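So this block is coords_14.tsv, TSV, C-alpha atoms:
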```tsv
chain	number	residue	atom	x	y	z
A	27	MET	CA	0.00	0.00	0.00
A	28	ARG	CA	1.26	3.49	-0.81
A	29	VAL	CA	2.46	5.61	2.11
A	30	GLU	CA	0.07	8.43	1.15
A	31	THR	CA	-2.87	6.01	1.25
A	32	VAL	CA	-1.90	4.75	4.71
A	33	PHE	CA	-1.52	8.34	5.95
A	34	ASN	CA	-4.95	9.30	4.60
A	35	LEU	CA	-6.62	6.18	6.06
A	36	PHE	CA	-5.47	7.05	9.56
A	37	ASN	CA	-5.69	10.83	9.27
A	38	TYR	CA	-9.30	10.79	8.03
A	39	GLY	CA	-10.18	7.59	9.88
A	40	VAL	CA	-10.20	9.35	13.25
A	41	PHE	CA	-12.51	12.17	12.09
A	42	PRO	CA	-15.73	10.27	12.92
A	43	ALA	CA	-14.53	9.88	16.52
A	44	TRP	CA	-13.77	13.60	16.75
A	45	ALA	CA	-17.18	14.39	15.21
A	46	LEU	CA	-18.88	12.27	17.87
A	47	LEU	CA	-16.96	14.07	20.63
A	48	LEU	CA	-17.89	17.45	19.19
A	49	PHE	CA	-21.50	16.92	18.12
A	50	ALA	CA	-22.82	13.95	20.12
A	51	PRO	CA	-20.77	13.74	23.32
A	52	ARG	CA	-23.52	12.00	25.33
A	53	TRP	CA	-24.78	9.64	22.62
A	54	LYS	CA	-24.59	5.92	23.47
A	55	TRP	CA	-22.44	5.21	20.39
A	56	THR	CA	-19.96	7.88	21.42
A	57	ARG	CA	-19.62	6.10	24.77
A	58	ARG	CA	-19.38	2.69	23.10
A	59	LEU	CA	-16.84	3.68	20.45
A	60	VAL	CA	-14.84	6.72	21.52
A	61	HIS	CA	-14.82	6.16	25.28
A	62	SER	CA	-13.94	2.47	25.00
A	63	VAL	CA	-10.53	0.93	24.42
A	64	LEU	CA	-11.46	0.08	20.81
A	65	ILE	CA	-9.92	3.07	19.01
A	66	PRO	CA	-6.77	3.36	21.17
A	67	VAL	CA	-6.16	-0.38	20.75
A	68	MET	CA	-6.69	-0.19	16.97
A	69	LEU	CA	-4.30	2.76	16.67
A	70	GLY	CA	-1.81	1.06	18.99
A	71	VAL	CA	-1.87	-2.18	16.98
A	72	ALA	CA	-1.45	-0.22	13.74
A	73	HIS	CA	1.43	1.75	15.26
A	74	LEU	CA	3.15	-1.40	16.50
A	75	GLY	CA	2.56	-3.25	13.22
A	76	LEU	CA	3.95	-0.39	11.17
A	77	MET	CA	6.91	-0.05	13.49
A	78	LEU	CA	7.72	-3.76	13.22
A	79	GLY	CA	7.13	-3.79	9.48
A	80	LEU	CA	9.35	-0.83	8.76
A	81	ASN	CA	12.63	-2.52	9.55
A	82	LEU	CA	13.53	0.77	11.19
A	83	SER	CA	17.27	0.25	11.03
A	84	ALA	CA	17.08	0.03	7.22
A	85	SER	CA	14.79	3.02	6.67
A	86	ILE	CA	16.22	5.57	9.10
A	87	PRO	CA	18.80	7.90	7.57
A	88	GLU	CA	22.24	8.04	9.14
A	89	GLY	CA	22.35	10.58	11.97
A	90	ALA	CA	18.60	10.45	12.57
A	91	SER	CA	17.59	10.42	16.23
A	92	ALA	CA	15.38	12.14	18.78
A	93	ALA	CA	18.44	13.48	20.61
A	94	SER	CA	18.78	16.67	18.54
A	95	LEU	CA	16.69	18.88	16.28
A	96	ARG	CA	18.82	17.98	13.26
A	97	GLY	CA	18.49	14.29	14.10
A	98	ALA	CA	14.72	14.59	14.52
A	99	MET	CA	14.41	16.35	11.16
A	100	LEU	CA	16.34	13.50	9.54
A	101	LEU	CA	14.09	11.01	11.30
A	102	PHE	CA	10.96	12.62	9.84
A	103	SER	CA	12.47	12.75	6.33
A	104	ASP	CA	11.39	9.13	5.77
A	105	PRO	CA	7.67	9.16	4.79
A	106	TRP	CA	6.93	5.87	6.60
A	107	VAL	CA	8.53	7.12	9.80
A	108	ALA	CA	6.47	10.32	9.47
A	109	VAL	CA	3.28	8.22	9.17
A	110	LEU	CA	4.33	6.16	12.19
A	111	CYS	CA	4.80	9.34	14.22
A	112	TRP	CA	1.53	10.81	12.89
A	113	ILE	CA	-0.37	7.75	14.14
A	114	HIS	CA	1.28	8.40	17.52
A	115	TYR	CA	-0.06	11.99	17.50
A	116	LEU	CA	-3.52	10.91	16.35
A	117	ALA	CA	-3.81	8.32	19.12
A	118	PHE	CA	-2.72	10.62	21.93
A	119	ASP	CA	-4.65	13.68	20.77
A	120	LEU	CA	-7.85	11.63	20.48
A	121	PHE	CA	-7.22	10.09	23.90
A	122	VAL	CA	-6.86	13.57	25.41
A	123	GLY	CA	-9.92	14.88	23.55
A	124	ALA	CA	-12.03	12.00	24.85
A	125	TRP	CA	-10.72	12.60	28.37
A	126	ILE	CA	-11.67	16.29	28.12
A	127	VAL	CA	-15.25	15.38	27.17
A	128	ARG	CA	-15.53	12.83	30.01
A	129	ASP	CA	-13.96	15.17	32.55
A	130	ALA	CA	-16.21	18.06	31.50
A	131	GLY	CA	-19.25	15.79	31.81
A	132	ARG	CA	-18.24	14.69	35.32
A	133	ARG	CA	-17.79	18.32	36.34
A	134	GLY	CA	-21.02	19.54	34.75
A	135	LEU	CA	-19.36	21.93	32.31
A	136	PRO	CA	-21.59	22.98	29.39
A	137	HIS	CA	-20.55	21.24	26.19
A	138	LEU	CA	-20.82	24.46	24.18
A	139	ALA	CA	-18.05	25.90	26.36
A	140	VAL	CA	-15.94	22.75	26.05
A	141	ALA	CA	-16.39	22.10	22.29
A	142	PRO	CA	-13.82	24.75	21.24
A	143	CYS	CA	-11.29	23.08	23.55
A	144	VAL	CA	-12.00	19.72	21.90
A	145	LEU	CA	-11.55	21.27	18.45
A	146	LEU	CA	-8.29	22.90	19.56
A	147	THR	CA	-7.11	19.55	20.92
A	148	MET	CA	-7.87	17.91	17.58
A	149	MET	CA	-5.90	20.58	15.73
A	150	TYR	CA	-3.15	21.56	18.18
A	151	GLY	CA	-3.04	18.89	20.91
A	152	PRO	CA	-1.48	20.40	24.05
A	153	THR	CA	-2.89	23.88	23.33
A	154	GLY	CA	-6.43	22.49	23.43
A	155	LEU	CA	-5.69	20.73	26.71
A	156	LEU	CA	-4.26	23.94	28.16
A	157	VAL	CA	-7.31	25.97	27.11
A	158	TYR	CA	-9.59	23.32	28.64
A	159	LEU	CA	-7.67	23.31	31.93
A	160	VAL	CA	-7.86	27.11	32.12
A	161	LEU	CA	-11.60	27.03	31.31
A	162	ARG	CA	-12.15	24.32	33.91
A	163	PHE	CA	-10.25	26.34	36.52
A	164	PHE	CA	-12.32	29.47	35.91
A	165	MET	CA	-15.63	27.60	35.79
A	166	ARG	CA	-15.05	25.04	38.59
A	167	GLY	CA	-11.85	26.05	40.39
A	168	ALA	CA	-10.30	22.68	39.57
A	169	LEU	CA	-6.51	22.50	39.68
A	170	THR	CA	-6.12	18.72	39.81
A	171	LEU	CA	-6.20	15.94	37.25
A	172	HIS	CA	-7.62	13.59	39.87
A	173	GLU	CA	-10.77	11.88	38.64
A	174	GLU	CA	-13.62	13.17	40.79
A	175	SER	CA	-15.62	9.96	40.45
A	176	GLU	CA	-12.84	7.91	42.05
A	177	ALA	CA	-12.18	7.99	45.77
A	178	PRO	CA	-8.51	8.31	46.69
A	179	ARG	CA	-6.99	5.07	47.93
A	180	GLN	CA	-6.12	4.85	51.59
A	181	ASN	CA	-2.79	3.31	52.58
A	182	GLY	CA	-2.95	0.55	55.14
```
Hey, can you dump this file as structure tokens for me?
Amino acid sequence: MRVETVFNLFNYGVFPAWALLLFAPRWKWTRRLVHSVLIPVMLGVAHLGLMLGLNLSASIPEGASAASLRGAMLLFSDPWVAVLCWIHYLAFDLFVGAWIVRDAGRRGLPHLAVAPCVLLTMMYGPTGLLVYLVLRFFMRGALTLHEESEAPRQNG
């Protein structure tokens, strides 16, 4: 399969999940699909399979590494490595977007206020999370990432 085709399959393949988070956050199918392990597992399996199938030592240019900016740029110069890393971004951004929607629901935040944060998370990852955390602080005074629905464990 062509690298461009694989990129497009994953890049556009996550859009339905984002649409559910944005437009139907409380729908039963959003809970069943986006808030389950299904999508993270599928993306994780694809990421692992691509990583194993790449024969990374053969496809990575000499000097490529994550230890320097120049090395990282060389790393991303291989289209298959770029797709591998893009799947990584897609998986984690969607995970964070789904967490934002769940957390906002637990805290009773209006979805219309949260939806721009979800959209920002889809487009810019950490910036969307930051905007959500600031919004959450101003609306609910929350400074923790502790899940409100879980009681803290007692030692002993």
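Using only C-alpha atoms, the smallest distance between any of A:Leu69, A:Leu146, A:Ile86, A:Leu74 and Tyr115 (chain A) comes from A:Leu69.
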- Query: Please, what distance in Å, to one decimal, runs between CA of Val60 (chain A) and CA of Trp106 (chain A)?
  - Reply: 26.4 Å
- Message: Restricting the calculation to only C-alpha atoms: of A:Trp53, A:Met165, A:Arg28, A:Pro87, which residue gets closest to Gly134 (chain A)?
- Response: A:Met165
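Minimum atom-to-atom distances from A:Val122, A:Met99, A:Val144, A:Asp129 to Thr170 (chain A) were compared using all atoms listed in the file, and the lowest value belongs to A:Asp129.
Here the question is which of A:Ala117, A:Pro51, A:Val160, A:Glu30 gets nearest to Pro136 (chain A) using all atoms listed in the file, and that residue is A:Pro51.
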- Query: Hey, can you check how far CA of Ala139 (chain A) sits from CA of Leu64 (chain A)?
  - Reply: 27.2 Å
- Around the point (6.1, 9.4, 11.1) in the file's coordinates, collect all residues with an atom within 10 Å, using only C-alpha atoms, and return them as an MDAnalysis selection string. chainID A and resid 33 73 77 101:115
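Picture a line from CA of Leu155 (chain A) to CA of Ala50 (chain A); it runs 19.6 Å.
With only C-alpha atoms as the atoms that count, the minimum distance from Leu135 (chain A) to the choices A:Leu161, A:Leu76, A:Ala90, A:Leu156 is reached by A:Leu161.
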